[in-house]
Every structure is written in C-alpha cells, then in structure tokens.
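Coordinates as given in target_32.cif (mmCIF, C-alpha atoms):
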```cif
data_coords
loop_
_atom_site.label_atom_id
_atom_site.label_comp_id
_atom_site.auth_asym_id
_atom_site.auth_seq_id
_atom_site.Cartn_x
_atom_site.Cartn_y
_atom_site.Cartn_z
CA MET W 161 0.00 0.00 0.00
CA ASN W 162 1.44 3.45 -0.87
CA ASN W 163 2.19 6.09 1.78
CA THR W 164 -0.72 8.32 0.81
CA MET W 165 -3.25 5.54 1.33
CA TYR W 166 -1.57 4.45 4.58
CA ASN W 167 -1.70 7.99 5.98
CA THR W 168 -5.35 8.36 4.99
CA ILE W 169 -6.36 5.20 6.81
CA LYS W 170 -4.30 6.06 9.87
CA SER W 171 -5.85 9.50 10.09
CA ILE W 172 -9.38 8.14 9.80
CA ASN W 173 -8.73 5.49 12.40
CA ASN W 174 -7.21 7.88 14.92
CA LYS W 175 -10.04 10.39 14.70
CA TYR W 176 -12.87 7.87 14.31
CA ASN W 177 -13.95 9.96 11.37
CA ILE W 178 -15.72 7.59 9.02
CA ASP W 179 -15.89 9.14 5.59
CA SER W 180 -16.06 6.90 2.53
CA ASN W 181 -15.30 9.83 0.25
CA SER W 182 -11.76 10.07 1.62
CA ILE W 183 -10.86 6.51 0.56
CA ASN W 184 -9.58 5.90 -2.91
CA PHE W 185 -10.31 2.25 -3.61
CA ASN W 186 -8.73 2.44 -7.05
CA THR W 187 -5.22 2.75 -5.57
CA LEU W 188 -5.30 -0.88 -4.39
CA ASN W 189 -3.71 -3.62 -6.49
CA ASN W 190 -5.19 -7.10 -6.94
CA THR W 191 -3.47 -8.51 -3.88
CA ASP W 192 -4.72 -5.61 -1.78
CA LYS W 193 -8.25 -6.26 -2.97
CA ASN W 194 -8.21 -9.78 -1.57
CA LYS W 195 -6.36 -9.06 1.66
CA GLN W 196 -5.88 -5.47 2.74
CA LYS W 197 -8.99 -3.85 1.32
CA LYS W 198 -11.46 -6.36 2.70
CA TYR W 199 -10.02 -6.89 6.14
CA ILE W 200 -7.48 -4.28 7.24
CA GLU W 201 -9.60 -1.36 6.06
CA VAL W 202 -12.80 -2.81 7.46
CA LYS W 203 -11.09 -3.40 10.79
CA ASN W 204 -9.51 0.05 10.99
CA ILE W 205 -12.32 2.20 9.59
CA TYR W 206 -15.62 0.82 10.89
CA GLN W 207 -16.06 1.53 14.59
CA PHE W 208 -19.50 -0.05 14.94
CA GLU W 209 -19.27 -0.41 18.68
CA ILE W 210 -18.69 3.35 18.98
CA LEU W 211 -21.53 4.07 16.56
CA GLU W 212 -23.90 1.79 18.44
CA SER W 213 -23.03 3.35 21.79
CA LYS W 214 -23.61 6.86 20.49
CA LEU W 215 -26.89 5.88 18.85
CA TYR W 216 -28.29 4.55 22.11
CA THR W 217 -26.97 7.57 24.00
CA ILE W 218 -28.91 9.88 21.68
CA ILE W 219 -32.04 7.73 21.98
CA TYR W 220 -31.64 7.62 25.77
CA ASN W 221 -31.51 11.42 25.94
CA ILE W 222 -34.57 11.74 23.73
CA ASN W 223 -36.43 9.22 25.87
CA LYS W 224 -35.42 11.09 29.05
CA ILE W 225 -37.01 14.26 27.64
CA ASN W 226 -40.10 12.24 26.72
CA ILE W 227 -40.46 10.98 30.31
CA ILE W 228 -40.18 14.55 31.62
CA LEU W 229 -42.75 15.76 29.10
CA TYR W 230 -45.17 13.02 30.10
CA SER W 231 -44.74 13.97 33.75
CA GLU W 232 -45.24 17.68 33.05
CA PHE W 233 -48.34 17.15 30.92
CA THR W 234 -49.76 14.87 33.62
CA LYS W 235 -49.17 17.49 36.33
CA LEU W 236 -50.66 20.22 34.15
CA PHE W 237 -53.79 18.18 33.57
CA LYS W 238 -54.06 17.31 37.25
CA TYR W 239 -54.00 21.00 38.21
CA ILE W 240 -56.83 21.74 35.80
CA VAL W 241 -58.93 18.83 37.07
CA ASN W 242 -58.24 19.81 40.69
CA SER W 243 -59.60 23.28 40.02
CA PHE W 244 -62.86 21.70 38.84
CA HIS W 245 -63.02 19.39 41.85
CA ILE W 246 -62.67 22.38 44.20
CA LEU W 247 -65.53 24.05 42.39
CA LEU W 248 -67.73 20.95 42.38
CA HIS W 249 -67.23 20.45 46.12
CA ASN W 250 -68.16 24.04 46.95
CA SER W 251 -70.82 25.12 44.46
CA SER W 252 -74.44 25.43 45.56
CA LEU W 253 -75.45 23.99 42.18
CA CYS W 254 -73.29 20.87 42.53
CA SER W 255 -73.37 17.76 44.68
CA TYR W 256 -71.37 14.55 44.86
CA ASN W 257 -71.63 10.98 46.13
CA LYS W 258 -68.49 9.15 47.17
CA ASP W 259 -67.90 5.42 47.58
CA ALA W 260 -64.74 3.36 48.10
CA LYS W 261 -63.60 3.71 44.48
CA THR W 262 -65.27 6.65 42.75
CA ILE W 263 -66.86 10.05 43.21
CA ILE W 264 -69.98 10.83 41.18
CA TYR W 265 -70.63 14.53 40.62
CA THR W 266 -74.02 16.02 39.82
CA THR W 267 -74.60 19.60 38.67
CA SER W 268 -77.40 21.61 37.12
CA ASP W 269 -74.89 23.78 35.23
CA TYR W 270 -74.58 22.36 31.72
CA THR W 271 -71.38 24.34 30.95
CA ILE W 272 -69.53 22.62 33.80
CA THR W 273 -70.76 19.20 32.70
CA GLN W 274 -69.71 19.82 29.10
CA THR W 275 -66.20 21.10 29.97
CA TYR W 276 -65.55 18.36 32.52
CA SER W 277 -66.58 15.77 29.92
CA ILE W 278 -64.10 17.23 27.41
CA LEU W 279 -61.30 17.00 29.96
CA ASN W 280 -62.21 13.44 30.88
CA ASP W 281 -62.37 12.27 27.28
CA TYR W 282 -59.05 13.87 26.41
CA THR W 283 -57.06 12.16 29.13
CA LYS W 284 -58.53 8.76 28.22
CA ASN W 285 -57.62 9.11 24.55
CA ASN W 286 -54.22 10.79 24.65
CA ASN W 287 -52.13 10.47 27.80
CA ARG W 288 -51.46 6.76 27.41
CA ASP W 289 -50.36 7.27 23.80
CA LEU W 290 -47.93 9.95 24.93
CA TYR W 291 -46.39 7.65 27.51
CA LEU W 292 -46.00 4.72 25.12
CA PHE W 293 -44.68 6.57 22.10
CA ILE W 294 -40.92 6.49 22.68
CA ASP W 295 -41.03 3.26 24.64
CA LYS W 296 -42.62 1.49 21.70
CA PHE W 297 -40.13 3.03 19.30
CA ILE W 298 -37.09 1.87 21.30
CA ASN W 299 -38.26 -1.73 21.30
CA THR W 300 -38.95 -1.76 17.56
CA ASN W 301 -36.27 -3.80 15.79
CA LYS W 302 -34.00 -3.59 18.85
CA ILE W 303 -32.99 -7.27 18.80
CA GLU W 304 -32.49 -7.25 15.04
CA PHE W 305 -30.38 -4.13 15.30
CA LYS W 306 -28.13 -5.71 17.91
CA ASN W 307 -27.64 -8.86 15.86
CA TYR W 308 -26.77 -7.01 12.66
CA ASN W 309 -24.48 -4.60 14.47
CA ASN W 310 -22.61 -7.48 16.09
CA PHE W 311 -22.27 -9.12 12.68
CA LEU W 312 -20.47 -6.06 11.30
CA LYS W 313 -18.26 -5.71 14.36
CA LYS W 314 -17.17 -9.33 14.00
CA LEU W 315 -16.58 -8.75 10.30
CA GLY W 316 -14.05 -6.06 11.11
CA ASN W 317 -12.31 -8.23 13.70
CA ASN W 318 -11.99 -11.41 11.67
CA ASP W 319 -8.46 -12.68 11.08
CA ASN W 320 -7.37 -12.44 7.44
CA ASP W 321 -6.10 -15.99 7.20
CA ASN W 322 -9.34 -17.47 8.45
CA ASN W 323 -11.51 -15.71 5.90
CA HIS W 324 -10.17 -16.94 2.57
CA ASN W 325 -11.85 -20.08 1.35
CA ASN W 326 -13.67 -21.47 -1.65
CA ASN W 327 -16.90 -19.84 -0.58
CA ASP W 328 -15.55 -16.30 -0.91
CA ASN W 329 -18.26 -15.21 -3.37
CA ASP W 330 -20.98 -16.63 -1.14
CA ASN W 331 -19.50 -14.79 1.82
CA LYS W 332 -19.37 -11.57 -0.17
CA ASP W 333 -23.05 -11.86 -1.14
CA THR W 334 -24.01 -12.65 2.44
CA ILE W 335 -22.15 -9.62 3.74
CA ILE W 336 -23.66 -7.29 1.12
CA ASN W 337 -27.20 -8.60 1.68
CA THR W 338 -26.86 -8.49 5.45
CA THR W 339 -25.51 -4.94 5.33
CA ASN W 340 -28.41 -3.83 3.13
CA GLU W 341 -30.86 -5.33 5.61
CA PHE W 342 -29.08 -3.54 8.44
CA ILE W 343 -29.44 -0.22 6.62
CA LYS W 344 -33.23 -0.70 6.72
CA ILE W 345 -33.08 -1.36 10.46
CA ILE W 346 -30.95 1.75 11.06
CA GLN W 347 -33.26 3.95 9.04
CA SER W 348 -36.22 2.80 11.14
CA PHE W 349 -34.66 4.75 14.01
CA ASP W 350 -35.23 8.05 12.23
CA MET W 351 -38.23 9.44 14.10
CA SER W 352 -37.62 13.19 13.98
CA ASP W 353 -40.68 13.96 11.84
CA LYS W 354 -42.87 11.73 14.01
CA LEU W 355 -41.69 13.46 17.17
CA ASN W 356 -42.40 16.91 15.78
CA GLU W 357 -45.80 15.81 14.53
CA PHE W 358 -46.58 14.15 17.86
CA TYR W 359 -45.70 16.74 20.51
CA ASN W 360 -46.63 20.05 18.93
CA PRO W 361 -50.32 19.14 18.43
CA ILE W 362 -50.49 17.81 22.00
CA TYR W 363 -49.09 21.09 23.31
CA ILE W 364 -51.68 23.05 21.33
CA ASN W 365 -54.48 20.76 22.55
CA TYR W 366 -53.47 21.28 26.17
CA MET W 367 -53.41 25.02 25.61
CA ASN W 368 -56.95 24.81 24.28
CA LEU W 369 -58.04 22.65 27.21
CA TYR W 370 -56.60 25.21 29.62
CA LYS W 371 -58.43 28.07 27.90
CA ILE W 372 -61.74 26.18 27.95
CA ALA W 373 -61.28 25.34 31.63
CA GLN W 374 -60.32 28.90 32.54
CA THR W 375 -63.30 30.37 30.69
CA THR W 376 -65.74 27.92 32.29
CA LEU W 377 -64.37 28.38 35.81
CA GLN W 378 -64.29 32.16 35.55
CA LYS W 379 -67.87 32.24 34.29
CA THR W 380 -68.97 29.88 37.04
CA CYS W 381 -67.25 31.81 39.82
CA ASP W 382 -68.84 35.04 38.58
CA ASN W 383 -72.28 33.42 38.68
CA SER W 384 -73.81 34.21 42.05
CA SER W 385 -76.06 31.14 41.82
CA HIS W 386 -73.02 28.94 42.53
CA ASN W 387 -72.31 30.90 45.72
CA ILE W 388 -68.51 30.57 45.49
CA ASN W 389 -66.77 32.60 48.21
CA ASN W 390 -63.46 34.41 47.70
CA ASN W 391 -61.37 31.83 49.54
CA VAL W 392 -62.61 29.06 47.24
CA LYS W 393 -62.05 31.25 44.20
CA THR W 394 -58.45 31.76 45.29
CA LEU W 395 -57.95 28.00 45.59
CA ILE W 396 -59.49 27.39 42.16
CA PHE W 397 -57.37 29.95 40.35
CA ASP W 398 -54.20 28.98 42.20
CA GLU W 399 -54.58 25.54 40.64
CA LEU W 400 -55.08 27.13 37.22
CA LYS W 401 -52.03 29.32 37.78
CA ASN W 402 -49.93 26.24 38.56
CA ALA W 403 -51.13 24.70 35.32
CA ARG W 404 -50.36 27.83 33.31
CA LEU W 405 -46.80 28.04 34.67
CA LEU W 406 -46.04 24.55 33.38
CA PHE W 407 -46.58 25.57 29.76
CA HIS W 408 -43.27 27.44 29.66
CA GLN W 409 -41.35 24.42 30.98
CA ILE W 410 -43.11 22.09 28.55
CA LYS W 411 -42.36 24.35 25.61
CA ASP W 412 -38.67 24.43 26.58
CA LYS W 413 -38.56 20.63 26.72
CA ILE W 414 -40.22 20.30 23.33
CA GLU W 415 -37.64 22.71 21.89
CA GLU W 416 -34.87 20.68 23.53
CA LEU W 417 -36.32 17.58 21.94
CA ASN W 418 -36.36 19.29 18.55
CA LEU W 419 -32.67 20.12 19.00
CA ASN W 420 -31.85 16.49 19.75
CA THR W 421 -33.63 14.93 16.78
CA PRO W 422 -31.18 16.39 14.19
CA LYS W 423 -28.37 14.73 16.17
CA LEU W 424 -30.16 11.42 15.70
CA ASN W 425 -30.63 12.13 12.00
CA ASN W 426 -26.96 12.98 11.50
CA HIS W 427 -25.80 9.92 13.39
CA ILE W 428 -28.05 7.64 11.39
CA ASP W 429 -26.57 9.14 8.22
CA LYS W 430 -23.07 8.27 9.48
CA TYR W 431 -24.18 4.76 10.26
CA VAL W 432 -25.69 4.30 6.81
CA THR W 433 -22.60 5.78 5.16
CA SER W 434 -20.43 3.27 7.01
CA CYS W 435 -22.64 0.41 5.89
CA LYS W 436 -22.65 1.56 2.29
CA THR W 437 -18.87 1.75 2.37
CA ILE W 438 -18.77 -1.91 3.41
CA ILE W 439 -20.91 -2.71 0.37
CA ASP W 440 -18.51 -0.73 -1.81
CA LEU W 441 -15.56 -2.64 -0.37
CA TYR W 442 -17.05 -6.00 -1.15
CA ASN W 443 -18.35 -4.98 -4.58
CA HIS W 444 -14.85 -4.12 -5.80
#
```
What does the file become when written as structure tokens?
Amino acid sequence: MNNTMYNTIKSINNKYNIDSNSINFNTLNNTDKNKQKKYIEVKNIYQFEILESKLYTIIYNINKINIILYSEFTKLFKYIVNSFHILLHNSSLCSYNKDAKTIIYTTSDYTITQTYSILNDYTKNNNRDLYLFIDKFINTNKIEFKNYNNFLKKLGNNDNDNNHNNNDNDNKDTIINTTNEFIKIIQSFDMSDKLNEFYNPIYINYMNLYKIAQTTLQKTCDNSSHNINNNVKTLIFDELKNARLLFHQIKDKIEELNLNTPKLNNHIDKYVTSCKTIIDLYNH
C-alpha cells in the first residue's frame, strides 16, 4: 500500500472519522483487494461499537425528555382537574356521592358538565399514547439491530487468514445482503418527523383545554347562583395558575427535543454511510 493511502487510513482510524469519500479504492492492487482492502480497512475504519453506543446515548436522551414531558403534561392536567373538583365540592349547584372507588358529581350547570366531559375524554384518549410513544419506538427492531451490528463488528475483527476459502463469493453476497438489511433497520430509528408531529399538536391541545377550563371556571365563579366565596375562588385559580406556569417548561422541553432529533438524524446518516462503504468494499 502506498504512503498516501496508509496515511489516509491512519488519520481516519485515529479520529474515528468515518468518511467513505476520503478513501480511494482504485489505488489498491489485486493482492490488496483480496487481503488489505477487505479486512485491514474494514477493521480500521468501521467503529461499529462506537456508533452503536452513540446511537443509544442519543435515543436515551430523547427518551429522558419524553419521560419529563409526560410527567409535566400529567401534572398540568391534574391541576386543571383539581380546580374543577374544588368548584364541584363548593358550588351550591353541585353535589357529589363518594364510595370506596369513585366520586360521582351532579350539577345543574350544563357548561360545567360539558367542559368536565371534554377533559375526561381527552385524558382517556391521549395520555397513554404519549407515555407509550418512545417506549414502543425503542423496542422496535432492537434485537435485530443488535444482531446485525454485532455481525459487522465481527466482520471487522476477523483474522485475514481465516476468511479466505472457496466460498468467498458466497461470503461476499451474504455480507452485502446483510448490510443492506441492516441499513433498513438503522433507518427505522429516524423518528424526527414523528416526534415533531406528535408533541406540537399535543401542546396546542393542552393550551386549548386550559383556555376552555379557565373560561368555564371564571364564568362559574362570577355566577352568584353557585355561591362561590373568595377563599374558594383563590384555591381554584391557584390551581389554574400552577397549570399555566407549566406551559413554559413544557415548551422548553419540546424545543430541547427538537434540537436532539437532528443529532439522531446525523448519526443515522453516518451509520448508513459506514454500511454503504462496506458494500462498496465488497463490490470491488
């Protein structure tokens, strides 16, 4: 191998900078193609263990933000519901029956019934989906990913002398096909668009829920028929204030999530580039 090619490989290996464009495969002679190109370069260039570790670190950070978001949305919703419970327990137009498991509220104010029903339906239909979203994603193709990744790590660590046999063409086809399958698995981890589509509408929906709740509670407290005293009003709107303050924190976390998803995208691109370079190596 000439000095230029040797220096290129050494530089790539030292910096863990995997860039197929910096490798000139045409400089290798026939002997290199069978020995050096397939094994030495694969071993020195492809750091799949490092790539795998970084991929899961990025996913872990995204999932951590997701857990925080779920917790914050849950607290926000609880504050809104608590404000209604305070009202329902203190309004002259409301009553409730409590048993060991449930509380059944009754009110002659249709606006309260309608708003409370909207809140109840929303939490049934959406909160569980929010909690499961990233968890489901992480488990998708996880075992297959690990198996394929280990295959490529072992490929780079194989001893040259043990890899030359009469089935060389079969091995080449297996490696190329396996690497192509792995590319599909890697690309399944690209979820940036899904994340953006998932969280922003939820944030908007919670903003709308808050506004509906605030309007209903304000109207109810101003209605003398409910006979809500000032101390109860303070308790009701303190709960709403706590809910409102969470929106800023939630928005910051969504923005943080949006800053992390490009990192995932870029890392997946590096992974795919590395895999495609393996295919190029074995196609030459």
Can I get the residues of range 319-425 of chain W within 10 Å of range 250-260 of chain W, each with the closest pair of atoms and their distance in Å to one decimal, using only C-alpha atoms, sorted chain first then ascending number, as a Markdown table?
```
| residue | atom | partner | partner_atom | distance |
| --- | --- | --- | --- | --- |
| W:Thr380 | CA | W:Ser251 | CA | 9.0 |
| W:Cys381 | CA | W:Ser251 | CA | 8.9 |
| W:Ser384 | CA | W:Ser252 | CA | 9.5 |
| W:Ser385 | CA | W:Ser252 | CA | 7.0 |
| W:His386 | CA | W:Ser251 | CA | 4.8 |
| W:Asn387 | CA | W:Ser252 | CA | 5.9 |
| W:Ile388 | CA | W:Ser251 | CA | 6.0 |
| W:Asn389 | CA | W:Asn250 | CA | 8.8 |
| W:Val392 | CA | W:Asn250 | CA | 7.5 |
| W:Lys393 | CA | W:Asn250 | CA | 9.8 |
```
Inset, instruction - Determine the residue set returned by the PyMOL selection byres ((chain W and resi 428) around 9) for the present structure, and present it as number ranges by chain. - result: W: 215, 346-347, 349-350, 423-427, 429-433
Inset, instruction - Expand the PyMOL selection byres ((chain W and resi 276) around 12) into the individual residues it matches in the shown file, reporting them as a ChimeraX atom specification. - result: /W:237,240-245,247-248,265-267,269-275,277-283,369-370,372-374,376-377
Inset, instruction - Grab the CA of Asp440 in chain W to CA of Phe311 in chain W distance for me, in Å with one decimal place. - result: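 Straight-line distance from CA of Asp440 in chain W to CA of Phe311 in chain W works out to 17.2 Å.
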Legend entry - Contact residues around range 363-365 of chain W with all atoms listed in the file at 10 Å, ignoring same-chain residues under 3 positions, as a list in words: Phe233, Tyr282, Phe358, Tyr359, Asn360, Asn368, Leu369, Tyr370, Lys371, Phe407, Ile410, Lys411 and Ile414 of chain W
Inset, instruction - Extract, using all atoms listed in the file, all DNA, RNA and protein residues at most 8 Å from Tyr442 in chain W, discarding same-chain residues fewer than 3 positions from it, and format them as a list of chain:residue names. - result: W:Lys198, W:Lys332, W:Ile335, W:Ile336, W:Ile438, W:Ile439
Inset, instruction - Measure the distance from CA of Leu441 in chain W to CA of Phe305 in chain W in Å and round it to one decimal. - result: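 These two atoms are separated by 21.6 Å.
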Inset, instruction - Counting all atoms listed in the file, figure out which residue out of W:Lys401, W:Lys344, W:Lys413, W:Lys314 gets nearest to Ile227 in chain W. - result: W:Lys413
Inset, instruction - Quick one: pull the distance between CA of Asn223 in chain W and CA of Ala403 in chain W, Å, one decimal. - result: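 Taking CA of Asn223 in chain W as the start and CA of Ala403 in chain W as the end point, the length is 23.3 Å.
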